[in-house]
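K.L.:
Starting off with a structure, shown below.
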Amino acid sequence: MPDLSVPSAENIAYMVEEIKAKLKMASAGAMRADLFPLERYEDLLDIYEWVDGKSAFSISEMEAIVSELGKLTRR
């Protein structure tokens with residue numbers, strides 16, 4: 001696992017891939033690491049740590065996570 005205390009594009013890519021895998025996202029292609037600006041790194045890290053700490057997610061939790069991730073992207 002990379003050192004996530006250091007903001008970098010590589011760490012963003014790692015966290016996005018881990019979140020997608022953990023949530024078993026059907027539309028994972030829509031969530032690309034290059035859409036997350038480095039300025040939102042800490043917010044993404046918070047979401048990643050929360051997702052990483054859970055073993056299962058309700059539908060409403062998954063919807064909330066995807067919604068929050070969408071707010072962090074630059075579109």
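Every chain in the structure tokens has a letter given in the order shown (A, B, ...), and although residue numbers restart at 1 in each chain, ligands are simply numbered from 1 in the order shown.
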Quick one: DSSP helix (DSSP H, G or I) residues in segment 5-74 of chain A, as a PyMOL selection string?
P.N.:
chain A and resi 9-23+28-30+33-35+38-52+59-72
K.L.:
Can you list, as number ranges by chain, every protein, DNA or RNA residue that comes within 10 Å of Asn11 of chain A when you count only C-alpha atoms, leaving out same-chain residues fewer than 4 positions away?
P.N.:
A: 1-7, 15-17, 33, 38, 41, 45
K.L.:
Using only C-alpha atoms, which residue out of A:Met31, A:Asp46, A:Lys24, A:Ile12 lies closest to Gly70 of chain A?
P.N.:
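Residue with the minimum atom-to-atom distance to Gly70 of chain A: A:Met31.
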K.L.:
Between atom CA of Arg74 of chain A and atom CA of Asp34 of chain A, what is the distance in Å, rounded to a tenth?
P.N.:
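Computed distance, atom CA of Arg74 of chain A to atom CA of Asp34 of chain A, equals 9.0 Å.
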K.L.:
Using only C-alpha atoms, find the one residue out of A:Ile19, A:Ile65, A:Leu72, A:Met25 that sits nearest to Arg40 of chain A.
P.N.:
A:Leu72
